[in-house]
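**Q** Input query.txt, format and content: compact mmCIF, C-alpha atoms and all ligand atoms.
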```txt
# COMPACT_ATOMS: atom_id res chain seq x y z
CA MET A 4 18.69 -91.62 -83.26
CA PRO A 5 20.71 -94.47 -84.78
CA GLY A 6 18.40 -97.49 -84.78
CA GLY A 7 15.81 -95.34 -83.03
CA VAL A 8 17.53 -95.93 -79.70
CA ASN A 9 20.07 -94.51 -77.30
CA SER A 10 21.83 -97.82 -76.59
CA PRO A 11 22.14 -100.52 -79.30
CA VAL A 12 20.60 -103.70 -77.82
CA ARG A 13 17.34 -101.83 -77.13
CA ALA A 14 16.63 -101.88 -80.87
CA PHE A 15 15.79 -105.64 -80.97
CA ARG A 16 17.97 -106.02 -84.08
CA SER A 17 19.21 -109.50 -83.19
CA VAL A 18 15.83 -110.90 -82.18
CA GLY A 19 13.65 -109.15 -84.76
CA GLY A 20 10.45 -107.18 -84.30
CA ASP A 21 10.03 -103.72 -82.87
CA PRO A 22 10.75 -102.95 -79.24
CA PRO A 23 7.80 -101.83 -77.12
CA PHE A 24 8.09 -98.19 -76.10
CA ILE A 25 7.85 -98.02 -72.35
CA ALA A 26 5.53 -95.55 -70.66
CA SER A 27 6.07 -96.50 -67.02
CA ALA A 28 7.32 -99.14 -64.65
CA LYS A 29 6.37 -100.27 -61.15
CA GLY A 30 7.71 -103.17 -59.12
CA ALA A 31 8.27 -106.18 -61.38
CA TYR A 32 6.25 -104.72 -64.26
CA LEU A 33 6.72 -102.51 -67.32
CA THR A 34 3.82 -100.82 -69.09
CA ASP A 35 4.22 -99.85 -72.74
CA VAL A 36 2.58 -96.95 -74.57
CA ASP A 37 -0.19 -99.27 -75.82
CA GLY A 38 -1.08 -100.26 -72.28
CA HIS A 39 0.47 -103.77 -72.40
CA VAL A 40 1.92 -104.87 -69.08
CA TYR A 41 5.05 -107.04 -69.03
CA VAL A 42 6.84 -108.99 -66.31
CA ASP A 43 10.28 -107.40 -66.53
CA TYR A 44 13.54 -109.38 -66.46
CA VAL A 45 15.71 -106.57 -67.77
CA GLY A 46 15.42 -104.33 -64.71
CA SER A 47 17.00 -101.49 -66.71
CA TRP A 48 19.90 -103.92 -67.41
CA GLY A 49 20.60 -104.47 -63.75
CA PRO A 50 19.83 -101.48 -61.53
CA ALA A 51 16.24 -102.32 -60.52
CA LEU A 52 17.08 -104.79 -57.73
CA LEU A 53 14.31 -103.40 -55.52
CA GLY A 54 11.85 -103.31 -58.40
CA HIS A 55 10.90 -100.20 -60.34
CA ALA A 56 9.84 -96.95 -58.70
CA HIS A 57 10.21 -98.14 -55.12
CA GLU A 58 8.26 -95.69 -52.97
CA GLU A 59 11.11 -94.80 -50.64
CA VAL A 60 13.56 -94.25 -53.48
CA VAL A 61 11.09 -92.08 -55.38
CA ALA A 62 10.42 -90.03 -52.25
CA ALA A 63 14.15 -89.51 -51.67
CA VAL A 64 14.66 -88.32 -55.25
CA CYS A 65 11.67 -85.95 -55.10
CA ALA A 66 12.86 -84.51 -51.80
CA ALA A 67 16.34 -83.98 -53.21
CA ALA A 68 15.00 -82.36 -56.39
CA THR A 69 13.21 -79.63 -54.47
CA LYS A 70 16.55 -78.65 -52.93
CA GLY A 71 18.34 -78.20 -56.24
CA MET A 72 19.43 -80.49 -59.06
CA SER A 73 23.18 -80.00 -59.03
CA PHE A 74 25.67 -77.81 -57.20
CA GLY A 75 29.08 -78.91 -58.40
CA ALA A 76 30.17 -78.64 -54.77
CA PRO A 77 30.53 -81.19 -51.97
CA THR A 78 27.44 -82.38 -50.08
CA ALA A 79 26.85 -84.36 -46.89
CA ALA A 80 24.85 -86.93 -48.86
CA GLU A 81 27.94 -87.94 -50.84
CA VAL A 82 29.80 -88.63 -47.59
CA GLU A 83 26.88 -90.73 -46.36
CA PHE A 84 26.76 -92.56 -49.68
CA ALA A 85 30.48 -93.32 -49.58
CA ALA A 86 30.13 -94.70 -46.04
CA ALA A 87 27.17 -96.86 -47.09
CA VAL A 88 29.10 -98.36 -50.02
CA GLN A 89 32.11 -98.97 -47.82
CA ARG A 90 30.07 -100.82 -45.23
CA PHE A 91 29.15 -103.49 -47.80
CA TYR A 92 32.49 -103.36 -49.68
CA PRO A 93 35.25 -103.17 -47.06
CA SER A 94 37.90 -103.50 -49.80
CA ILE A 95 36.89 -99.99 -50.88
CA GLU A 96 38.89 -97.86 -48.43
CA MET A 97 38.43 -94.72 -50.51
CA LEU A 98 36.18 -94.08 -53.48
CA ARG A 99 35.23 -91.60 -56.17
CA MET A 100 31.70 -91.23 -57.55
CA VAL A 101 31.22 -90.95 -61.31
CA SER A 102 28.11 -91.11 -63.50
CA SER A 103 28.35 -94.50 -65.25
CA GLY A 104 30.00 -97.89 -65.18
CA THR A 105 31.95 -96.94 -68.28
CA GLU A 106 33.52 -94.02 -66.47
CA ALA A 107 34.26 -96.13 -63.39
CA CYS A 108 36.19 -98.75 -65.40
CA MET A 109 37.97 -96.18 -67.54
CA ALA A 110 39.10 -94.26 -64.47
CA ALA A 111 40.13 -97.39 -62.55
CA LEU A 112 42.39 -98.42 -65.42
CA ARG A 113 43.94 -94.97 -65.70
CA LEU A 114 44.66 -95.14 -61.99
CA ALA A 115 46.21 -98.61 -62.30
CA ARG A 116 48.44 -97.31 -65.09
CA GLY A 117 49.34 -94.23 -63.09
CA VAL A 118 50.20 -96.28 -60.01
CA THR A 119 52.28 -98.93 -61.79
CA GLY A 120 53.78 -96.85 -64.58
CA ARG A 121 52.81 -99.66 -66.96
CA ASP A 122 50.60 -99.44 -70.07
CA ALA A 123 49.27 -102.93 -70.79
CA ILE A 124 46.04 -104.28 -69.33
CA VAL A 125 44.47 -107.71 -69.43
CA LYS A 126 40.79 -108.34 -70.02
CA PHE A 127 38.84 -111.50 -70.76
CA GLU A 128 36.94 -112.34 -73.93
CA GLY A 129 33.22 -111.73 -73.54
CA CYS A 130 33.62 -109.41 -70.55
CA TYR A 131 32.23 -105.90 -71.00
CA HIS A 132 33.65 -102.99 -69.07
CA GLY A 133 31.88 -100.09 -70.76
CA HIS A 134 32.57 -98.45 -74.09
CA SER A 135 35.84 -96.61 -73.56
CA ASP A 136 38.33 -97.19 -76.40
CA GLY A 137 40.75 -99.61 -74.77
CA LEU A 138 37.95 -101.76 -73.39
CA LEU A 139 36.02 -102.29 -76.61
CA VAL A 140 38.17 -105.28 -77.47
CA LYS A 141 36.34 -108.64 -77.46
CA ALA A 142 33.76 -107.04 -75.23
CA GLY A 143 30.74 -109.34 -75.19
CA SER A 144 27.00 -108.65 -75.33
CA GLY A 145 26.30 -105.59 -77.49
CA LEU A 146 29.21 -106.31 -79.79
CA ALA A 147 28.67 -110.07 -79.79
CA THR A 148 25.02 -109.54 -80.63
CA PHE A 149 26.03 -107.68 -83.76
CA GLY A 150 28.81 -110.11 -84.61
CA GLU A 151 31.52 -107.52 -84.22
CA PRO A 152 34.43 -108.58 -82.04
CA ASP A 153 35.74 -105.03 -81.83
CA SER A 154 34.43 -101.56 -82.56
CA LYS A 155 35.60 -99.50 -85.51
CA GLY A 156 37.07 -96.19 -84.47
CA VAL A 157 39.38 -97.60 -81.82
CA PRO A 158 42.95 -96.73 -82.79
CA ALA A 159 45.18 -99.79 -83.18
CA ASP A 160 47.68 -97.93 -81.01
CA VAL A 161 45.15 -97.98 -78.16
CA ALA A 162 43.87 -101.54 -78.70
CA ARG A 163 47.37 -103.01 -78.67
CA HIS A 164 47.68 -102.23 -74.97
CA THR A 165 44.68 -104.47 -74.25
CA LEU A 166 45.67 -108.12 -73.98
CA THR A 167 42.73 -110.52 -74.07
CA LEU A 168 42.47 -114.01 -72.67
CA PRO A 169 39.72 -116.61 -72.52
CA TYR A 170 37.55 -116.48 -69.37
CA ASN A 171 38.01 -119.35 -66.91
CA ASP A 172 41.43 -120.31 -68.26
CA PRO A 173 43.85 -120.05 -65.32
CA ALA A 174 46.69 -121.66 -67.30
CA ALA A 175 46.47 -119.01 -70.03
CA LEU A 176 46.48 -116.24 -67.40
CA LYS A 177 49.50 -117.73 -65.63
CA ALA A 178 51.37 -118.17 -68.91
CA LEU A 179 50.73 -114.56 -69.97
CA LEU A 180 51.78 -113.18 -66.61
CA ASP A 181 54.96 -115.23 -66.59
CA LEU A 182 55.83 -113.85 -70.00
CA GLU A 183 54.51 -110.26 -69.86
CA GLY A 184 53.75 -109.65 -66.17
CA HIS A 185 56.35 -106.88 -65.87
CA ARG A 186 54.45 -104.63 -68.30
CA ILE A 187 50.88 -105.30 -67.10
CA ALA A 188 49.25 -102.54 -65.07
CA ALA A 189 46.03 -104.36 -64.25
CA VAL A 190 43.85 -107.36 -64.84
CA ILE A 191 40.21 -106.31 -65.08
CA VAL A 192 37.49 -108.93 -64.82
CA GLU A 193 33.79 -109.45 -64.30
CA PRO A 194 34.16 -111.85 -61.34
CA VAL A 195 30.93 -113.47 -62.51
CA ALA A 196 30.52 -112.73 -66.20
CA GLY A 197 27.20 -111.17 -67.11
CA ASN A 198 27.81 -109.71 -70.53
CA MET A 199 28.20 -112.95 -72.47
CA GLY A 200 25.21 -114.28 -70.57
CA CYS A 201 25.68 -115.36 -66.98
CA VAL A 202 28.91 -117.39 -66.77
CA LEU A 203 30.25 -118.54 -63.42
CA PRO A 204 33.97 -118.47 -62.58
CA THR A 205 35.76 -121.68 -61.62
CA GLU A 206 37.67 -121.83 -58.34
CA ALA A 207 40.94 -122.28 -60.22
CA PHE A 208 40.25 -119.14 -62.28
CA LEU A 209 39.49 -117.11 -59.15
CA ALA A 210 42.70 -118.36 -57.54
CA ALA A 211 44.71 -117.38 -60.62
CA LEU A 212 43.13 -113.91 -60.51
CA ASP A 213 44.07 -113.56 -56.86
CA ASP A 214 47.68 -114.33 -57.88
CA VAL A 215 48.12 -111.52 -60.43
CA ARG A 216 49.39 -109.23 -57.64
CA THR A 217 52.57 -111.29 -57.39
CA HIS A 218 53.50 -109.74 -60.76
CA GLY A 219 52.89 -106.20 -59.55
CA ALA A 220 49.65 -105.88 -61.53
CA LEU A 221 46.49 -104.56 -59.86
CA LEU A 222 43.43 -106.78 -59.71
CA ILE A 223 40.32 -104.82 -60.69
CA PHE A 224 36.93 -106.38 -60.05
CA ASP A 225 34.36 -104.83 -62.35
CA GLU A 226 31.32 -105.37 -60.16
CA VAL A 227 29.13 -102.90 -62.05
CA MET A 228 26.77 -105.80 -62.71
CA THR A 229 27.64 -108.26 -59.93
CA GLY A 230 27.64 -105.70 -57.11
CA PHE A 231 24.55 -106.45 -54.96
CA ARG A 232 23.50 -109.02 -57.59
CA VAL A 233 25.81 -111.95 -56.86
CA ALA A 234 25.58 -111.08 -53.16
CA ARG A 235 25.15 -107.87 -51.20
CA GLY A 236 28.92 -107.54 -50.98
CA GLY A 237 29.30 -108.59 -54.60
CA ALA A 238 31.39 -111.43 -55.96
CA GLN A 239 34.28 -110.34 -53.73
CA ALA A 240 32.22 -111.20 -50.65
CA ARG A 241 30.76 -114.37 -52.12
CA PHE A 242 34.17 -115.71 -53.15
CA SER A 243 36.24 -114.06 -50.39
CA ILE A 244 38.68 -112.25 -52.66
CA THR A 245 39.94 -108.75 -51.95
CA PRO A 246 40.58 -106.88 -55.21
CA ASP A 247 42.85 -103.82 -55.32
CA LEU A 248 40.20 -101.74 -57.05
CA THR A 249 36.47 -102.25 -57.54
CA CYS A 250 34.07 -100.68 -60.03
CA LEU A 251 30.40 -100.37 -59.15
CA GLY A 252 27.39 -98.98 -60.97
CA LYS A 253 23.84 -100.05 -61.85
CA VAL A 254 22.25 -101.08 -58.48
CA ILE A 255 24.09 -98.43 -56.43
CA GLY A 256 22.39 -95.68 -58.43
CA GLY A 257 18.87 -96.95 -57.77
CA GLY A 258 18.04 -96.24 -61.45
CA LEU A 259 19.87 -92.93 -61.72
CA PRO A 260 23.26 -92.51 -63.39
CA VAL A 261 25.91 -93.46 -60.82
CA GLY A 262 29.22 -95.25 -60.93
CA VAL A 263 31.91 -95.70 -58.32
CA TYR A 264 35.52 -96.74 -58.43
CA GLY A 265 37.54 -97.29 -55.33
CA GLY A 266 39.80 -99.59 -53.39
CA LYS A 267 43.08 -99.49 -51.52
CA ALA A 268 43.64 -96.02 -50.08
CA GLU A 269 47.32 -96.03 -51.12
CA TYR A 270 46.15 -96.24 -54.75
CA MET A 271 43.15 -93.93 -54.47
CA ARG A 272 45.38 -91.22 -52.95
CA GLN A 273 46.96 -90.99 -56.39
CA VAL A 274 43.70 -89.55 -57.78
CA SER A 275 43.42 -85.79 -58.32
CA PRO A 276 43.47 -83.53 -56.25
CA LEU A 277 45.54 -85.72 -53.88
CA GLY A 278 47.69 -87.21 -56.62
CA PRO A 279 48.73 -86.94 -60.25
CA VAL A 280 46.04 -89.17 -61.86
CA TYR A 281 43.36 -86.87 -63.26
CA GLN A 282 39.64 -87.62 -63.24
CA ALA A 283 36.64 -85.30 -62.86
CA GLY A 284 32.92 -84.93 -63.58
CA THR A 285 30.51 -81.99 -63.71
CA LEU A 286 27.63 -84.16 -62.48
CA SER A 287 29.62 -86.60 -60.34
CA GLY A 288 27.95 -87.04 -56.95
CA ASN A 289 24.85 -85.41 -58.37
CA PRO A 290 22.33 -84.81 -55.54
CA LEU A 291 19.44 -86.71 -57.20
CA ALA A 292 21.59 -89.68 -58.14
CA THR A 293 23.17 -89.72 -54.69
CA ALA A 294 19.75 -89.59 -53.02
CA ALA A 295 18.46 -92.47 -55.14
CA GLY A 296 21.59 -94.47 -54.40
CA LEU A 297 21.52 -93.78 -50.70
CA ALA A 298 17.83 -94.70 -50.37
CA THR A 299 18.53 -97.91 -52.29
CA LEU A 300 21.53 -98.83 -50.15
CA LYS A 301 19.46 -98.30 -46.99
CA LEU A 302 16.80 -100.69 -48.24
CA LEU A 303 19.50 -103.21 -49.13
CA GLU A 304 20.50 -103.51 -45.50
CA SER A 305 17.69 -106.04 -45.22
CA ASP A 306 18.87 -109.66 -45.55
CA ALA A 307 15.34 -110.57 -46.60
CA VAL A 308 15.80 -108.83 -49.96
CA PHE A 309 18.77 -111.03 -50.85
CA GLU A 310 17.19 -114.23 -49.58
CA LYS A 311 14.08 -113.51 -51.63
CA VAL A 312 15.74 -112.61 -54.94
CA GLU A 313 18.05 -115.61 -54.71
CA ALA A 314 15.17 -118.01 -54.04
CA THR A 315 13.08 -116.50 -56.85
CA THR A 316 16.00 -116.73 -59.26
CA ALA A 317 16.68 -120.37 -58.38
CA ALA A 318 12.99 -121.22 -58.82
CA LEU A 319 12.97 -119.57 -62.26
CA ALA A 320 16.19 -121.24 -63.41
CA GLU A 321 15.07 -124.68 -62.26
CA GLY A 322 11.59 -124.18 -63.71
CA LEU A 323 13.02 -123.13 -67.09
CA GLU A 324 15.33 -126.14 -67.14
CA ARG A 325 12.39 -128.43 -66.44
CA ALA A 326 10.18 -126.77 -69.06
CA ALA A 327 12.92 -127.08 -71.68
CA PHE A 328 13.49 -130.74 -70.78
CA ASP A 329 9.75 -131.40 -71.11
CA ALA A 330 9.80 -129.71 -74.52
CA GLY A 331 12.77 -131.82 -75.60
CA LEU A 332 15.19 -128.86 -75.82
CA ALA A 333 18.74 -129.00 -74.49
CA VAL A 334 19.47 -125.91 -72.40
CA THR A 335 21.71 -124.81 -69.62
CA VAL A 336 20.64 -122.14 -67.11
CA PRO A 337 23.55 -120.78 -65.08
CA HIS A 338 22.37 -118.63 -62.20
CA ILE A 339 23.72 -116.96 -59.08
CA GLY A 340 22.21 -114.39 -56.72
CA SER A 341 19.59 -112.52 -58.74
CA MET A 342 20.88 -113.17 -62.27
CA PHE A 343 20.48 -116.04 -64.74
CA THR A 344 20.72 -116.82 -68.44
CA LEU A 345 18.85 -119.42 -70.47
CA PHE A 346 21.39 -120.75 -72.98
CA PHE A 347 20.09 -122.89 -75.82
CA GLY A 348 22.61 -125.72 -75.91
CA GLY A 349 23.23 -128.73 -73.72
CA ARG A 350 26.91 -128.20 -73.02
CA PRO A 351 28.19 -126.14 -70.11
CA VAL A 352 28.93 -122.48 -70.89
CA THR A 353 32.27 -121.55 -69.32
CA ASP A 354 33.64 -118.87 -71.64
CA PHE A 355 32.87 -116.75 -74.69
CA THR A 356 33.60 -119.59 -77.12
CA SER A 357 31.09 -121.89 -75.47
CA ALA A 358 28.57 -119.03 -75.17
CA ARG A 359 28.84 -118.45 -78.91
CA ARG A 360 28.15 -122.11 -79.62
CA CYS A 361 24.63 -121.66 -78.20
CA ASP A 362 21.75 -121.38 -80.65
CA MET A 363 20.94 -117.67 -80.96
CA GLY A 364 18.34 -118.43 -83.67
CA VAL A 365 16.25 -120.37 -81.16
CA PHE A 366 16.85 -117.62 -78.61
CA ALA A 367 15.41 -115.04 -81.04
CA LYS A 368 12.27 -117.12 -81.51
CA TYR A 369 11.94 -117.72 -77.77
CA HIS A 370 12.37 -113.99 -77.13
CA ARG A 371 9.61 -113.07 -79.60
CA LEU A 372 7.20 -115.62 -78.13
CA MET A 373 7.90 -114.43 -74.60
CA ILE A 374 7.37 -110.76 -75.55
CA ASP A 375 4.08 -111.81 -77.18
CA ALA A 376 3.19 -113.45 -73.85
CA PHE A 377 4.12 -110.20 -72.04
CA ILE A 378 7.34 -111.47 -70.49
CA TYR A 379 10.03 -108.87 -71.16
CA LEU A 380 13.48 -110.44 -71.66
CA PRO A 381 16.76 -108.86 -72.74
CA ALA A 382 16.87 -108.74 -76.53
CA SER A 383 20.10 -110.73 -76.79
CA GLY A 384 21.07 -114.27 -75.89
CA TYR A 385 24.33 -112.85 -74.54
CA GLU A 386 22.67 -111.01 -71.66
CA ALA A 387 21.66 -111.98 -68.16
CA CYS A 388 18.10 -111.75 -66.88
CA PHE A 389 17.65 -109.86 -63.63
CA VAL A 390 15.21 -110.62 -60.83
CA SER A 391 14.01 -107.99 -58.36
CA ALA A 392 12.67 -108.11 -54.84
CA ALA A 393 9.27 -107.26 -56.34
CA HIS A 394 9.20 -110.55 -58.26
CA GLY A 395 7.33 -113.25 -56.35
CA GLN A 396 5.47 -116.49 -56.86
CA THR A 397 2.82 -114.85 -59.09
CA GLU A 398 5.48 -113.62 -61.52
CA VAL A 399 7.38 -116.93 -61.41
CA ASP A 400 4.20 -118.85 -62.22
CA LYS A 401 3.27 -116.49 -65.07
CA THR A 402 6.78 -116.65 -66.50
CA LEU A 403 7.10 -120.42 -66.32
CA ALA A 404 3.64 -120.93 -67.87
CA ALA A 405 4.58 -118.67 -70.79
CA ALA A 406 7.99 -120.32 -71.12
CA ALA A 407 6.49 -123.81 -71.27
CA VAL A 408 4.38 -122.78 -74.28
CA ALA A 409 7.21 -120.83 -75.94
CA LEU A 410 9.77 -123.62 -75.49
CA ARG A 411 7.40 -126.20 -76.95
CA ALA A 412 6.87 -123.95 -79.97
CA CYS A 413 10.66 -123.52 -80.30
CA ALA A 414 11.13 -127.30 -80.19
CA GLU A 415 8.52 -127.84 -82.91
CA ALA A 416 10.04 -125.24 -85.26
C1 LIG B 1 26.88 -102.23 -67.63
C2 LIG B 1 28.30 -102.52 -67.37
C3 LIG B 1 29.31 -101.56 -67.53
C4 LIG B 1 29.03 -100.21 -68.12
O1 LIG B 1 28.20 -99.45 -67.33
P1 LIG B 1 27.41 -98.19 -68.01
O2 LIG B 1 26.74 -97.56 -66.83
O3 LIG B 1 26.50 -98.79 -69.02
O4 LIG B 1 28.44 -97.33 -68.63
C5 LIG B 1 30.58 -101.88 -67.17
N1 LIG B 1 30.88 -103.09 -66.69
C6 LIG B 1 29.96 -104.04 -66.51
C7 LIG B 1 30.35 -105.36 -65.95
C8 LIG B 1 28.64 -103.81 -66.88
O5 LIG B 1 27.73 -104.78 -66.76
```
Kindly present the structure from the file in structure tokens form.
Ligand SMILES: *Cc1c(COP(=O)(O)O)cnc(C)c1O
**A**
Amino acid sequence: MPGGVNSPVRAFRSVGGDPPFIASAKGAYLTDVDGHVYVDYVGSWGPALLGHAHEEVVAAVCAAATKGMSFGAPTAAEVEFAAAVQRFYPSIEMLRMVSSGTEACMAALRLARGVTGRDAIVKFEGCYHGHSDGLLVKAGSGLATFGEPDSKGVPADVARHTLTLPYNDPAALKALLDLEGHRIAAVIVEPVAGNMGCVLPTEAFLAALDDVRTHGALLIFDEVMTGFRVARGGAQARFSITPDLTCLGKVIGGGLPVGVYGGKAEYMRQVSPLGPVYQAGTLSGNPLATAAGLATLKLLESDAVFEKVEATTAALAEGLERAAFDAGLAVTVPHIGSMFTLFFGGRPVTDFTSARRCDMGVFAKYHRLMIDAFIYLPASGYEACFVSAAHGQTEVDKTLAAAAVALRACAEA
């Protein structure tokens, strides 16, 4: 396997050292093959909102497995799943299940192009929407970590249809739309950015996004990360914006491979077999993945889950800020819902340029010290940390104690 891994950031290349090999996970904890137990802030890069191996989710998957792994035919569980998603995301009038966030974004863009008859799309620097060709342009985390703005192997003919703009720059978005609006099929955005670290949108930026429809372009919220993380109803609920199309993934699969794209019925009716925009999947709506997702969504009906993760996240962010201040390090810790990032740098992080100004050398040292203290953080300073409902005061205390030591060591170096 290239780098010994099946997804690049897992290889620890940008922070140094070898990644622990994980044997099992339960609640807020990971156990590696040597028996070390870590407090986990990766949560499988987002999905584990309820904590790992939640009993009810595991039971649902086991029950589904005994009835057959895949049929390639419709099931009642998919209908139930669709209804459960729709209850929390009323903007999704009709949806299609896929197997990853990448697929969801790729399909949503094809649909937007099919609906509008236009080719160009707009994305924002530092936002990641999966690894399909047209979206690997200035795509944040994985690529940023390796210092590559774009991937090799993407034809220039494909990349030229992707127009990129700085995040949180409403004037730039307005200017582009005034000039090129007539040929733009869609604007796709992480409504809270999570793939250049956690970066919050300004009100003016959100308002400018809401306006793209006046140019006939579709607004696509990629909520693969922010769905159920920023709020139960995602960023669209938190900020009261109704996108035309929404992409979901991560949390809705409960740890199994699931993605969803959906939105206005008039657009979704253009998807095959109702309409001329093709999209399919052998394992789409897979019974195990659907069971895990459905069990997860049922547990997420509880308000207590969201109150808890938000309070835990705020306590961590504030505690880290205080520990860094005590150590004499300038940091900024943007956080919302159950996600946060510790940026090494005193200035606000509002876009990819300001994210890149942060000190990734100090981050690498901090990461190593935290792993040594059995706190498992994402192996890139351009990622968000994720908190689960299984994280509580014990884990917060452990984490902040380890961080105080690590941050002091970083300050001395
Ligand atoms: C993770 C992510 C994706 C890609 O999802 P995969 O399941 O890894 O293909 C797309 N968009 C956003 C915002 C993500 O965070």
**Q** Residues near segment 9-19 of chain A, anyone? I mean within 12 Å using all atoms listed in the file, not counting same-chain ones fewer than 3 positions away, as a PyMOL selection string.
**A** chain A and resi 4-6+22-25+45+47-48+133-134+143-150+198+363-374+379-386
**Q** As an NGL selection string, please: every protein or nucleic acid residue near ligand LIG 1 (chain B) (cut-off 7 Å, counting all atoms listed in the file).
**A** :A and (103-106 or 108 or 130-134 or 193 or 197-198 or 225-228 or 252-253 or 262)
**Q** Using only C-alpha atoms, which residue out of A:Ala268, A:Val263, A:Ala294, A:Ala79 lies closest to Ala62 of chain A?
**A**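 Closest candidate: A:Ala294.
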**Q** List as a PyMOL selection string the protein and nucleic acid residues near Asp400 of chain A, meaning an atom at most 12 Å away when all atoms listed in the file are counted, but skip any in the same chain fewer than 4 places from it.
**A** chain A and resi 42+315+318-319+322-323+378+394-396+404-407
**Q** Dump as a list in words all residues having an atom at most 12 Å from (28.8, -79.8, -52.0), computed in the file's coordinates with all atoms listed in the file.
**A** Gly71, Met72, Ser73, Phe74, Gly75, Ala76, Pro77, Thr78, Ala79, Ala80, Glu81, Val82, Leu286, Ser287, Gly288, Asn289, Pro290 and Thr293 of chain A
**Q** Atom CA of Ile191 of chain A and atom CA of Pro173 of chain A are how many Å apart?
**A**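 Taking atom CA of Ile191 of chain A as the start and atom CA of Pro173 of chain A as the end point, the length is 14.2 Å.
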**Q** Counting all atoms listed in the file, what are the residues of segment 119-214 of chain A within 12 Å of segment 338-346 of chain A, and for each of them which pair of atoms is the nearest and at what distance in Å, to one decimal? Sort the table by chain and rising number, as JSON lines.
**A**
```
{"residue": "A:Pro194", "atom": "CA", "partner": "A:Ile339", "partner_atom": "CA", "distance": 11.8}
{"residue": "A:Val195", "atom": "CA", "partner": "A:Ile339", "partner_atom": "CA", "distance": 8.7}
{"residue": "A:Ala196", "atom": "CA", "partner": "A:Met342", "partner_atom": "CA", "distance": 10.4}
{"residue": "A:Gly197", "atom": "CA", "partner": "A:Met342", "partner_atom": "CA", "distance": 8.2}
{"residue": "A:Asn198", "atom": "CA", "partner": "A:Thr344", "partner_atom": "CA", "distance": 10.3}
{"residue": "A:Met199", "atom": "CA", "partner": "A:Thr344", "partner_atom": "CA", "distance": 9.3}
{"residue": "A:Gly200", "atom": "CA", "partner": "A:Thr344", "partner_atom": "CA", "distance": 5.6}
{"residue": "A:Cys201", "atom": "CA", "partner": "A:Thr344", "partner_atom": "CA", "distance": 5.4}
{"residue": "A:Val202", "atom": "CA", "partner": "A:His338", "partner_atom": "CA", "distance": 8.1}
{"residue": "A:Leu203", "atom": "CA", "partner": "A:His338", "partner_atom": "CA", "distance": 8.0}
{"residue": "A:Pro204", "atom": "CA", "partner": "A:Ile339", "partner_atom": "CA", "distance": 10.9}
```
**Q** Reconstruct segment 193-205 of chain A at the level of N, CA and C atoms, and format the result as a PDB file, keeping the file's coordinate frame.
**A**
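Final output, selection-v2.pdb:
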```
ATOM      1  N   GLU A 193      35.108-109.284 -64.908  1.00  0.00           N
ATOM      2  CA  GLU A 193      33.790-109.450 -64.300  1.00  0.00           C
ATOM      3  C   GLU A 193      33.907-110.747 -63.481  1.00  0.00           C
ATOM      4  N   PRO A 194      33.896-110.657 -62.150  1.00  0.00           N
ATOM      5  CA  PRO A 194      34.160-111.850 -61.340  1.00  0.00           C
ATOM      6  C   PRO A 194      33.084-112.936 -61.496  1.00  0.00           C
ATOM      7  N   VAL A 195      31.884-112.562 -61.879  1.00  0.00           N
ATOM      8  CA  VAL A 195      30.930-113.470 -62.510  1.00  0.00           C
ATOM      9  C   VAL A 195      30.612-112.760 -63.818  1.00  0.00           C
ATOM     10  N   ALA A 196      30.777-113.425 -64.944  1.00  0.00           N
ATOM     11  CA  ALA A 196      30.520-112.730 -66.200  1.00  0.00           C
ATOM     12  C   ALA A 196      29.012-112.570 -66.383  1.00  0.00           C
ATOM     13  N   GLY A 197      28.628-111.405 -66.869  1.00  0.00           N
ATOM     14  CA  GLY A 197      27.200-111.170 -67.110  1.00  0.00           C
ATOM     15  C   GLY A 197      26.937-110.665 -68.502  1.00  0.00           C
ATOM     16  N   ASN A 198      27.993-110.343 -69.221  1.00  0.00           N
ATOM     17  CA  ASN A 198      27.810-109.710 -70.530  1.00  0.00           C
ATOM     18  C   ASN A 198      28.092-110.636 -71.706  1.00  0.00           C
ATOM     19  N   MET A 199      28.262-111.942 -71.403  1.00  0.00           N
ATOM     20  CA  MET A 199      28.200-112.950 -72.470  1.00  0.00           C
ATOM     21  C   MET A 199      27.105-113.940 -72.077  1.00  0.00           C
ATOM     22  N   GLY A 200      26.115-113.427 -71.319  1.00  0.00           N
ATOM     23  CA  GLY A 200      25.210-114.280 -70.570  1.00  0.00           C
ATOM     24  C   GLY A 200      25.889-114.526 -69.231  1.00  0.00           C
ATOM     25  N   CYS A 201      25.147-115.126 -68.325  1.00  0.00           N
ATOM     26  CA  CYS A 201      25.680-115.360 -66.980  1.00  0.00           C
ATOM     27  C   CYS A 201      26.616-116.569 -67.016  1.00  0.00           C
ATOM     28  N   VAL A 202      27.906-116.322 -66.751  1.00  0.00           N
ATOM     29  CA  VAL A 202      28.910-117.390 -66.770  1.00  0.00           C
ATOM     30  C   VAL A 202      29.667-117.361 -65.442  1.00  0.00           C
ATOM     31  N   LEU A 203      29.645-118.479 -64.748  1.00  0.00           N
ATOM     32  CA  LEU A 203      30.250-118.540 -63.420  1.00  0.00           C
ATOM     33  C   LEU A 203      31.743-118.822 -63.510  1.00  0.00           C
ATOM     34  N   PRO A 204      32.518-118.223 -62.592  1.00  0.00           N
ATOM     35  CA  PRO A 204      33.970-118.470 -62.580  1.00  0.00           C
ATOM     36  C   PRO A 204      34.276-119.795 -61.885  1.00  0.00           C
ATOM     37  N   THR A 205      35.325-120.479 -62.333  1.00  0.00           N
ATOM     38  CA  THR A 205      35.760-121.680 -61.620  1.00  0.00           C
ATOM     39  C   THR A 205      36.660-121.249 -60.454  1.00  0.00           C
TER      40      THR A 205
END
```
